[in-house]
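Student: My structure is stored as target_29.txt, with compact mmCIF, C-alpha atoms.
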```
# COMPACT_ATOMS: atom_id res chain seq x y z
CA MET A 1 147.57 114.78 55.15
CA LEU A 2 144.40 116.81 55.38
CA SER A 3 142.65 114.61 52.85
CA LEU A 4 143.59 111.51 54.86
CA LEU A 5 141.98 113.03 57.93
CA THR A 6 138.91 113.96 55.92
CA HIS A 7 138.71 110.40 54.61
CA THR A 8 138.97 108.95 58.09
CA GLY A 9 136.33 111.32 59.38
CA ARG A 10 133.98 110.61 56.50
CA PHE A 11 134.43 106.85 56.94
CA THR A 12 133.75 107.06 60.68
CA LEU A 13 130.67 109.22 60.21
CA ARG A 14 129.32 106.89 57.56
CA GLN A 15 129.80 103.83 59.77
CA LEU A 16 128.21 105.59 62.73
CA SER A 17 125.18 106.72 60.77
CA GLU A 18 124.82 103.21 59.31
CA MET A 19 124.81 101.78 62.83
CA GLY A 20 122.29 104.39 63.90
CA ARG A 21 120.04 103.61 60.94
CA MET A 22 120.21 99.89 61.70
CA PHE A 23 119.28 100.50 65.30
CA LEU A 24 116.36 102.79 64.42
CA PHE A 25 115.21 100.17 61.87
CA LEU A 26 115.16 97.54 64.64
CA LEU A 27 113.36 99.86 67.06
CA SER A 28 110.64 100.74 64.57
CA ALA A 29 110.19 97.08 63.56
CA ILE A 30 109.79 96.05 67.21
CA PHE A 31 107.52 99.01 67.95
CA LEU A 32 105.33 98.21 64.94
CA ALA A 33 105.18 94.53 65.94
CA PHE A 34 103.18 95.55 69.01
CA ARG A 35 100.77 97.72 67.05
CA PRO A 36 97.52 96.02 66.06
CA PRO A 37 96.49 94.39 63.81
CA ALA A 38 98.80 91.43 64.41
CA LYS A 39 99.45 89.67 61.12
CA ILE A 40 98.91 86.11 62.33
CA ARG A 41 98.75 84.64 58.82
CA LEU A 42 102.00 86.33 57.85
CA ILE A 43 103.71 85.23 61.06
CA ILE A 44 102.66 81.62 60.43
CA HIS A 45 103.93 81.88 56.87
CA HIS A 46 107.30 83.15 58.09
CA ILE A 47 107.53 80.51 60.80
CA LYS A 48 107.22 78.06 57.94
CA THR A 49 110.01 79.69 55.90
CA ILE A 50 112.30 80.22 58.91
CA GLY A 51 111.52 77.14 60.96
CA VAL A 52 109.98 74.35 58.95
CA ASP A 53 112.05 74.85 55.81
CA SER A 54 115.28 74.94 57.84
CA LEU A 55 114.28 71.83 59.74
CA SER A 56 115.90 69.30 57.42
CA VAL A 57 119.25 71.07 57.37
CA VAL A 58 119.11 71.62 61.14
CA LEU A 59 118.31 67.94 61.73
CA LEU A 60 121.16 66.84 59.50
CA SER A 61 123.74 69.25 60.89
CA GLY A 62 122.62 68.58 64.47
CA PHE A 63 122.94 64.86 64.01
CA PHE A 64 126.41 65.07 62.49
CA THR A 65 127.58 67.64 65.03
CA GLY A 66 126.46 65.29 67.76
CA MET A 67 128.31 62.37 66.17
CA VAL A 68 131.47 64.45 65.88
CA MET A 69 131.06 65.46 69.54
CA GLY A 70 130.82 61.77 70.34
CA PHE A 71 134.10 60.93 68.62
CA GLN A 72 135.94 64.03 69.68
CA GLY A 73 134.71 63.92 73.27
CA TYR A 74 135.62 60.26 73.52
CA TYR A 75 139.10 60.96 72.17
CA SER A 76 139.75 63.75 74.68
CA LEU A 77 138.12 62.07 77.67
CA ARG A 78 139.92 58.77 77.12
CA LYS A 79 143.16 60.51 77.98
CA PHE A 80 141.82 61.03 81.50
CA ASN A 81 140.04 57.68 81.70
CA ALA A 82 136.81 59.60 81.90
CA GLU A 83 134.84 58.16 78.97
CA SER A 84 131.80 57.85 81.21
CA TRP A 85 131.50 61.64 81.18
CA LEU A 86 130.92 61.65 77.43
CA GLY A 87 127.21 62.32 77.90
CA SER A 88 127.80 65.33 80.06
CA ALA A 89 130.51 66.71 77.77
CA ALA A 90 128.34 66.32 74.68
CA ALA A 91 125.19 67.69 76.32
CA LEU A 92 126.90 70.73 77.85
CA GLY A 93 128.72 71.55 74.62
CA LEU A 94 125.57 71.23 72.55
CA LEU A 95 123.23 73.01 74.94
CA ARG A 96 125.45 75.95 75.74
CA GLU A 97 127.36 76.63 72.53
CA LEU A 98 127.04 74.41 69.52
CA GLY A 99 123.27 74.14 69.41
CA PRO A 100 122.45 77.86 69.43
CA VAL A 101 125.41 78.96 67.29
CA LEU A 102 125.29 76.27 64.63
CA SER A 103 121.53 76.32 64.21
CA ALA A 104 121.75 80.12 63.93
CA PHE A 105 124.37 79.67 61.21
CA MET A 106 122.13 77.21 59.39
CA VAL A 107 119.17 79.57 59.57
CA THR A 108 121.32 82.46 58.37
CA GLY A 109 122.50 80.50 55.37
CA ARG A 110 119.15 78.91 54.64
CA THR A 111 116.69 81.71 55.41
CA GLY A 112 118.58 84.91 56.18
CA SER A 113 120.15 85.09 52.74
CA ALA A 114 116.76 84.41 51.14
CA MET A 115 115.23 87.15 53.26
CA ALA A 116 117.85 89.69 52.17
CA ALA A 117 117.51 88.68 48.51
CA GLU A 118 113.71 88.81 48.65
CA LEU A 119 113.55 92.25 50.24
CA GLY A 120 116.37 93.48 48.00
CA THR A 121 114.47 92.37 44.91
CA MET A 122 111.32 94.01 46.23
CA ARG A 123 113.31 97.20 46.66
CA ALA A 124 114.83 96.91 43.16
CA THR A 125 111.46 96.26 41.50
CA GLU A 126 109.91 99.15 43.48
CA GLN A 127 107.48 96.92 45.35
CA ILE A 128 108.48 98.53 48.65
CA ASP A 129 107.75 101.94 47.15
CA ALA A 130 104.41 100.56 45.96
CA LEU A 131 103.58 99.55 49.54
CA TYR A 132 104.37 103.09 50.67
CA SER A 133 102.12 104.52 47.97
CA MET A 134 99.28 102.25 49.16
CA ALA A 135 99.75 103.65 52.68
CA ILE A 136 100.99 100.28 53.98
CA ASN A 137 104.00 100.62 56.22
CA PRO A 138 106.47 98.18 54.63
CA ILE A 139 108.35 97.70 57.90
CA LYS A 140 105.16 96.66 59.62
CA TYR A 141 104.13 94.46 56.72
CA LEU A 142 107.50 92.91 55.78
CA VAL A 143 109.86 93.09 58.75
CA SER A 144 107.83 92.85 61.98
CA PRO A 145 106.20 89.47 61.17
CA ARG A 146 109.61 88.07 60.28
CA ILE A 147 111.06 89.22 63.58
CA ILE A 148 108.23 87.69 65.60
CA ALA A 149 108.43 84.48 63.56
CA SER A 150 112.18 84.18 64.07
CA LEU A 151 111.79 84.74 67.82
CA ILE A 152 109.36 81.82 67.87
CA ALA A 153 111.18 79.53 65.45
CA MET A 154 114.81 79.92 66.53
CA PRO A 155 114.52 78.51 70.09
CA LEU A 156 112.48 75.60 68.78
CA LEU A 157 115.02 74.84 66.06
CA THR A 158 117.81 75.04 68.62
CA ALA A 159 115.99 72.65 70.94
CA ILE A 160 115.53 70.19 68.08
CA PHE A 161 119.21 70.58 67.18
CA ASP A 162 120.22 69.87 70.80
CA VAL A 163 118.07 66.76 71.13
CA VAL A 164 119.15 65.34 67.78
CA GLY A 165 122.78 66.13 68.61
CA ILE A 166 122.58 64.44 71.99
CA TYR A 167 121.22 61.30 70.33
CA GLY A 168 123.87 61.54 67.61
CA ALA A 169 126.58 61.58 70.27
CA TYR A 170 124.77 58.73 72.00
CA LEU A 171 124.82 56.70 68.80
CA VAL A 172 128.57 57.12 68.34
CA GLY A 173 129.57 56.96 72.02
CA VAL A 174 127.36 54.07 73.09
CA GLY A 175 126.80 52.27 69.80
CA LEU A 176 130.24 52.53 68.27
CA LEU A 177 132.73 53.23 71.03
CA GLY A 178 131.23 51.21 73.82
CA VAL A 179 130.50 53.80 76.51
CA SER A 180 127.82 52.40 78.77
CA SER A 181 124.36 53.71 78.05
CA GLY A 182 123.54 54.27 81.70
CA SER A 183 126.60 56.35 82.45
CA TYR A 184 126.00 58.40 79.30
CA PHE A 185 122.58 59.54 80.45
CA SER A 186 123.21 59.66 84.19
CA GLY A 187 126.36 61.72 83.64
CA MET A 188 124.38 64.01 81.41
CA GLU A 189 121.50 64.40 83.85
CA SER A 190 123.73 64.94 86.85
CA SER A 191 125.88 67.65 85.28
CA VAL A 192 123.36 69.65 83.25
CA VAL A 193 121.56 72.26 85.33
CA PHE A 194 118.65 74.45 84.38
CA ASN A 195 120.92 77.43 83.77
CA ASP A 196 122.60 75.56 80.89
CA VAL A 197 119.29 75.05 79.13
CA TYR A 198 118.24 78.59 79.93
CA SER A 199 121.40 80.22 78.60
CA GLY A 200 121.10 78.24 75.36
CA PHE A 201 117.50 79.38 75.08
CA MET A 202 118.39 83.04 75.59
CA LYS A 203 121.19 82.74 73.06
CA SER A 204 118.94 81.29 70.41
CA LEU A 205 116.35 84.02 71.01
CA SER A 206 118.92 86.77 70.56
CA PHE A 207 120.47 85.05 67.52
CA GLY A 208 117.04 84.85 65.92
CA LEU A 209 116.63 88.58 66.44
CA ILE A 210 120.10 89.31 65.06
CA ILE A 211 119.53 87.24 61.91
CA THR A 212 116.22 88.79 60.92
CA TRP A 213 117.36 92.26 61.92
CA VAL A 214 120.55 92.22 59.87
CA CYS A 215 119.13 90.39 56.87
CA CYS A 216 115.96 92.48 56.67
CA TYR A 217 117.92 95.70 57.08
CA LYS A 218 120.42 94.80 54.40
CA GLY A 219 117.71 93.69 51.99
CA PHE A 220 115.44 96.62 52.76
CA HIS A 221 118.19 99.14 52.05
CA ALA A 222 119.80 97.32 49.12
CA PRO A 223 120.79 99.52 46.17
CA PRO A 224 117.97 99.04 43.64
CA MET A 225 119.83 97.00 41.04
CA ALA A 226 120.90 93.41 40.43
CA THR A 227 124.38 93.85 41.93
CA GLY A 228 122.78 95.63 44.86
CA VAL A 229 120.75 92.52 45.68
CA SER A 230 123.76 90.22 45.50
CA GLN A 231 125.80 92.64 47.58
CA ALA A 232 123.04 92.90 50.19
CA THR A 233 122.80 89.11 50.41
CA THR A 234 126.54 88.68 50.91
CA GLU A 235 126.77 91.48 53.44
CA SER A 236 123.80 90.22 55.42
CA VAL A 237 125.20 86.70 55.73
CA VAL A 238 128.72 87.86 56.66
CA LEU A 239 127.49 90.46 59.13
CA SER A 240 125.07 87.98 60.71
CA PHE A 241 127.82 85.40 61.21
CA VAL A 242 130.18 87.94 62.75
CA LEU A 243 127.52 89.45 65.00
CA ILE A 244 126.37 86.00 66.14
CA LEU A 245 129.90 85.01 67.16
CA VAL A 246 130.67 88.32 68.87
CA TRP A 247 127.35 88.40 70.69
CA ASP A 248 127.83 84.76 71.65
CA TYR A 249 131.10 85.66 73.33
CA PHE A 250 129.48 88.40 75.39
CA LEU A 251 126.48 86.29 76.35
CA THR A 252 128.73 83.40 77.36
CA SER A 253 130.93 85.60 79.50
CA VAL A 254 127.90 87.12 81.22
CA MET A 255 125.86 83.94 81.69
CA LEU A 256 128.58 81.46 82.57
CA MET B 257 93.53 79.35 49.70
CA PRO B 258 94.07 75.59 50.00
CA ASN B 259 97.76 76.16 50.61
CA GLN B 260 97.16 78.17 53.77
CA GLY B 261 95.70 75.20 55.62
CA ARG B 262 98.70 73.08 54.72
CA THR B 263 101.11 75.77 55.87
CA GLU B 264 99.29 76.04 59.17
CA LEU B 265 99.39 72.28 59.64
CA VAL B 266 103.13 72.09 58.90
CA VAL B 267 103.85 75.00 61.24
CA GLY B 268 101.70 73.40 63.92
CA VAL B 269 103.67 70.16 63.69
CA PHE B 270 106.96 72.08 63.76
CA VAL B 271 105.99 74.10 66.83
CA LEU B 272 104.77 70.97 68.61
CA VAL B 273 107.98 69.05 67.90
CA GLY B 274 110.05 72.07 68.96
CA ILE B 275 108.15 72.50 72.20
CA ILE B 276 108.49 68.80 72.98
CA CYS B 277 112.26 69.05 72.47
CA LEU B 278 112.42 72.21 74.57
CA GLY B 279 110.36 70.56 77.28
CA TYR B 280 112.58 67.49 77.23
CA LEU B 281 115.69 69.64 77.65
CA ALA B 282 114.19 71.83 80.36
CA ILE B 283 112.44 69.18 82.44
CA ARG B 284 114.55 66.06 81.94
CA LEU B 285 117.98 67.70 81.77
CA GLY B 286 117.36 71.09 83.37
CA LYS B 287 115.25 69.63 86.18
CA LEU B 288 112.71 72.36 85.83
CA GLU B 289 109.77 71.57 88.08
CA VAL B 290 106.67 72.55 86.20
CA LEU B 291 104.05 70.97 88.41
CA GLY B 292 105.45 72.50 91.58
CA ASN B 293 107.56 70.67 94.10
CA SER B 294 106.25 67.34 95.22
CA GLY B 295 107.21 65.75 98.49
CA TYR B 296 108.02 67.30 101.83
CA VAL B 297 110.99 69.12 103.33
CA VAL B 298 112.87 68.05 106.43
CA TYR B 299 115.88 69.75 107.96
CA ALA B 300 119.18 68.41 109.21
CA ASP B 301 122.10 70.16 110.91
CA PHE B 302 125.65 69.09 110.12
CA ALA B 303 129.04 70.08 111.48
CA SER B 304 130.24 70.35 107.89
CA VAL B 305 128.72 69.85 104.46
CA ALA B 306 131.86 70.81 102.53
CA GLY B 307 131.50 69.97 98.84
CA LEU B 308 127.75 69.45 98.89
CA LYS B 309 125.72 71.44 96.39
CA VAL B 310 122.06 72.34 96.08
CA GLY B 311 120.38 69.68 93.95
CA ASP B 312 122.63 66.83 95.03
CA PRO B 313 120.78 63.55 95.58
CA VAL B 314 119.49 62.17 98.85
CA GLU B 315 119.58 58.38 99.01
CA ILE B 316 118.33 55.55 101.16
CA ALA B 317 120.24 52.32 100.60
CA GLY B 318 121.61 53.75 97.35
CA VAL B 319 118.19 54.62 95.94
CA LYS B 320 117.50 58.27 95.21
CA VAL B 321 114.57 59.48 97.31
CA GLY B 322 115.03 63.25 97.18
CA LYS B 323 117.43 66.10 96.81
CA VAL B 324 119.16 68.86 98.71
CA GLU B 325 116.98 71.92 98.34
CA ALA B 326 118.88 74.56 100.30
CA ILE B 327 122.07 74.91 102.27
CA GLY B 328 122.24 77.51 105.02
CA LEU B 329 123.87 78.30 108.31
CA ASN B 330 122.24 77.77 111.71
CA ASP B 331 124.30 78.65 114.81
CA ASP B 332 127.69 77.70 113.36
CA ARG B 333 126.31 74.48 111.93
CA ALA B 334 125.30 73.85 108.35
CA ARG B 335 121.54 73.43 107.96
CA LEU B 336 120.31 71.43 105.00
CA ALA B 337 116.79 71.54 103.68
CA ILE B 338 116.11 68.12 102.15
CA ARG B 339 113.14 67.45 99.92
CA ILE B 340 111.93 63.87 100.25
CA GLU B 341 109.55 62.18 97.82
CA PRO B 342 106.01 61.90 99.23
CA GLN B 343 105.82 58.11 99.29
CA VAL B 344 109.00 57.81 101.38
CA LYS B 345 108.47 57.96 105.15
CA LEU B 346 111.32 58.74 107.52
CA GLN B 347 111.41 57.74 111.19
CA ASP B 348 112.37 60.42 113.68
CA ASP B 349 115.51 58.49 114.66
CA ALA B 350 116.78 58.22 111.08
CA ILE B 351 120.42 59.18 110.58
CA ALA B 352 121.47 61.55 107.82
CA SER B 353 125.09 61.55 106.68
CA VAL B 354 127.05 63.30 103.95
CA ARG B 355 129.10 60.90 101.87
CA ALA B 356 131.25 61.04 98.78
CA ARG B 357 131.16 58.71 95.79
CA GLY B 358 134.66 57.32 95.76
CA LEU B 359 137.60 59.19 97.17
CA ILE B 360 137.07 62.45 95.29
CA GLY B 361 133.62 61.86 93.83
CA ASP B 362 130.49 63.98 94.12
CA LYS B 363 128.99 64.44 97.55
CA PHE B 364 125.53 63.19 98.40
CA VAL B 365 123.35 62.71 101.47
CA THR B 366 122.45 59.23 102.59
CA VAL B 367 119.71 58.54 105.10
CA THR B 368 119.80 55.42 107.26
CA PRO B 369 116.26 54.54 108.35
CA GLY B 370 115.56 54.30 112.07
CA ALA B 371 113.38 51.96 114.08
CA SER B 372 111.11 54.43 115.80
CA ASP B 373 107.33 54.39 115.37
CA LYS B 374 107.17 58.15 115.06
CA LEU B 375 107.49 59.44 111.52
CA LEU B 376 108.93 62.79 110.50
CA ALA B 377 106.44 65.33 109.18
CA ALA B 378 107.16 68.23 106.85
CA GLY B 379 109.35 70.82 108.54
CA ASP B 380 110.72 68.42 111.17
CA LYS B 381 114.39 67.99 111.84
CA ILE B 382 116.52 64.87 111.50
CA ARG B 383 118.36 64.90 114.82
CA GLU B 384 121.05 62.32 114.14
CA THR B 385 123.59 63.48 111.58
CA GLU B 386 127.03 62.46 110.53
CA SER B 387 129.46 64.77 108.75
CA PRO B 388 131.80 63.55 106.02
CA PRO B 389 135.35 62.65 106.97
CA ASP B 390 137.69 65.31 105.63
CA ILE B 391 139.74 63.59 102.91
CA ALA B 392 142.75 65.78 103.61
CA ASP B 393 142.67 64.83 107.32
CA VAL B 394 142.37 61.13 106.56
CA ILE B 395 145.25 61.20 104.08
CA GLY B 396 147.25 63.33 106.50
CA LYS B 397 146.79 60.71 109.22
CA TYR B 398 148.03 57.94 106.95
CA VAL B 399 150.92 59.86 105.48
CA GLY B 400 152.15 61.85 108.44
CA GLY B 401 151.00 59.61 111.22
CA ASP B 402 148.66 61.10 113.78
CA LEU B 403 150.68 61.27 116.98
CA THR B 404 147.87 62.19 119.33
CA SER B 405 145.56 59.34 118.41
CA LYS B 406 148.43 56.82 118.52
CA SER B 407 149.45 57.88 121.98
CA GLU B 408 145.85 57.70 123.11
CA LYS B 409 145.52 54.12 121.87
CA LYS B 410 148.43 52.90 123.84
```
Please render this file's structure as structure tokens.
Tutor:
Amino acid sequence: MLSLLTHTGRFTLRQLSEMGRMFLFLLSAIFLAFRPPAKIRLIIHHIKTIGVDSLSVVLLSGFFTGMVMGFQGYYSLRKFNAESWLGSAAALGLLRELGPVLSAFMVTGRTGSAMAAELGTMRATEQIDALYSMAINPIKYLVSPRIIASLIAMPLLTAIFDVVGIYGAYLVGVGLLGVSSGSYFSGMESSVVFNDVYSGFMKSLSFGLIITWVCCYKGFHAPPMATGVSQATTESVVLSFVLILVWDYFLTSVML
Amino acid sequence: MPNQGRTELVVGVFVLVGIICLGYLAIRLGKLEVLGNSGYVVYADFASVAGLKVGDPVEIAGVKVGKVEAIGLNDDRARLAIRIEPQVKLQDDAIASVRARGLIGDKFVTVTPGASDKLLAAGDKIRETESPPDIADVIGKYVGGDLTSKSEKK
């Protein structure tokens, strides 16, 4: 009985201190991002790995998500004789939910896992310790540029996802299913308000922060061995997905 | 580093494409006005503007010429601020009315041009207004029969 209580207590304390360490990690990374010198070259390099390299998969998934929205929206709306609202249904769904969440998932899978594996390997091969010994703050050098780059790249990727998705839904709805092109776009323009675009933008910003935060933390603190790297990669991807969905719920309920 | 220049180019293209997409979403769909509001504002008082929302279109002969910018209250009557595009001139005896598209469709404001020589300037008021018929009242008259108006007709 006593040992059960001790176990519970130890588990709780470990989880709490882990959360505290993660939060302090984020705070120091953000604080160091504002300290000069700004590593412009590094930021550009990370925008390439986060944004440009994820572009193909975001384009592809955005296009197919849009086409599915076209079919699915048409199927549901036909029951109410409201096919002409397909444009507004597809645009609102993509702008508010699917665009930010799915592109964040793509970036997590494409870049977040790579980030965790890269930092984990650097930890295992003592490169992070080498940075310390050269008096370079590894958080400033490795984490802060990634966070800035993800804050720049994520909203742009989401916007590209949204636009491609809207045209994917257009292709299916107008090209295949015979919704009129005019009512597709006029329905879309009349029902989408600035707040929809804005909430999607805020979501993608926060998802970008979550992805780099979780993946860098997990990689940075990976146990220095081969299994440690694989474990860090898995944990970072799973935790990112869960946090994105939970945070999405809270943002949606606040910003609706 | 020859690779650095290429990276910068690729990132530049990516950022440009992303910003174009973001701009398209914000300006075309979100109706964000970047270059400030164009056109001029006139006011109109209505007995009721039930169902009308800020941003709803203002039309002349079915053509969109502006939008509802604000809805407020002025001495028990609803006061609309209507932003009209600069090239459209309104006479001071124009009539503004609130209409619905179809029986239960979206509300919009339609302006019937007048014949006066005097044009409305920014900040002026459209004096002649027409409120929308209340759908529930109209249906009620058909279904229940409106006794008072029948007896008046006779």
Student: What are the residues of chain A that have an atom within 8 Å of an atom of chain B, counting only C-alpha atoms, as a PyMOL selection string?
Tutor: chain A and resi 44-45+47-48+51-52+153+155-157+159-160+163+188-189+192-198
Student: Considering only C-alpha atoms, can you say which of A:Ala226, A:Leu4, A:Ile152, A:Ala90 comes closest to A:Met122?
Tutor: A:Ala226
Student: What does the structure give for the distance between atom CA of B:Ile340 and atom CA of B:Gly295, in Å to one decimal?
Tutor: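 Atom CA of B:Gly295 lies at a distance of 5.4 Å from atom CA of B:Ile340.
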Student: Between A:Phe64, A:Tyr132, A:Phe11, A:Tyr184, which residue has the minimum interatomic distance to A:Ala91, considering all atoms listed in the file?
Tutor: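 Of A:Phe64, A:Tyr132, A:Phe11, A:Tyr184, the one nearest A:Ala91, counting all atoms listed in the file, is A:Tyr184.
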Student: Return the single residue from A:Ser181, A:Ile166, A:Leu24, A:Gly208 that is closest to A:Met67, with distances computed using all atoms listed in the file.
Tutor: A:Ile166
Student: Go through B:Thr366, B:Asp348, B:Glu325, B:Ala334 one by one, measure the shortest atom-to-atom distance of each to B:Asp301 using only C-alpha atoms, and give the residue with the smallest value.
Tutor: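 Comparing B:Thr366, B:Asp348, B:Glu325, B:Ala334 against B:Asp301, the winner is B:Ala334.
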Student: Separation of atom CA of A:Ser150 and atom CA of A:Leu60, in Å?
Tutor: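 Computing the Euclidean distance for atom CA of A:Ser150 and atom CA of A:Leu60 yields 20.1 Å.
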Student: As a list in words, please: the residues near A:Tyr217 (cut-off 9 Å, only C-alpha atoms, same-chain neighbours under 4 positions excluded).
Tutor: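 In the requested form, the answer reads Met22, Phe25, Leu26, Ala116, Leu119, Val143, Thr212, Trp213, His221, Ala222 and Ser236 of chain A.
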Student: Would you list the contacts of A:Pro37 as a PyMOL selection string, taking every protein, DNA or RNA residue within 10 Å and counting all atoms listed in the file, but skipping same-chain residues closer than 4 positions in sequence?
Tutor: chain A and resi 32-33+140
Student: Show which residues sit within 12 Å of A:Arg35, as a PDB file with C-alpha atoms, keeping the file's coordinate frame. Count all atoms listed in the file, and ignore same-chain residues fewer than 5 positions away.
Tutor:
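Final file, part-v9.pdb:
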```
ATOM      1  CA  SER A  28     110.640 100.740  64.570  1.00  0.00           C
ATOM      2  CA  ALA A  29     110.190  97.080  63.560  1.00  0.00           C
ATOM      3  CA  ILE A  30     109.790  96.050  67.210  1.00  0.00           C
ATOM      4  CA  ASN A 137     104.000 100.620  56.220  1.00  0.00           C
ATOM      5  CA  ILE A 139     108.350  97.700  57.900  1.00  0.00           C
ATOM      6  CA  LYS A 140     105.160  96.660  59.620  1.00  0.00           C
ATOM      7  CA  TYR A 141     104.130  94.460  56.720  1.00  0.00           C
ATOM      8  CA  SER A 144     107.830  92.850  61.980  1.00  0.00           C
ATOM      9  CA  PRO A 145     106.200  89.470  61.170  1.00  0.00           C
TER      10      PRO A 145
END
```
Student: Please list as a ChimeraX atom specification every residue within 12 Å of stretch 350-359 of chain B, counting only C-alpha atoms and excluding residues in the same chain fewer than 4 positions away.
Tutor: /B:298-309,312-318,324,334-338,345-346,363-376,380-392,394-395
Student: Please indicate the distance in Å from atom CA of A:Thr234 to atom CA of A:Met19, rounded to one decimal place.
Tutor: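 Straight-line distance from atom CA of A:Thr234 to atom CA of A:Met19 works out to 17.8 Å.
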Student: Edge lengths and centre in Å to one decimal, as lines of an AutoDock Vina configuration file, is what I'm after for the box along x, y and z that holds all listed atoms of stretch 57-72 of chain A once 6 Å is added on each side.
Tutor:
```
center_x = 127.1
center_y = 66.3
center_z = 63.9
size_x = 29.6
size_y = 22.7
size_z = 25.0
```
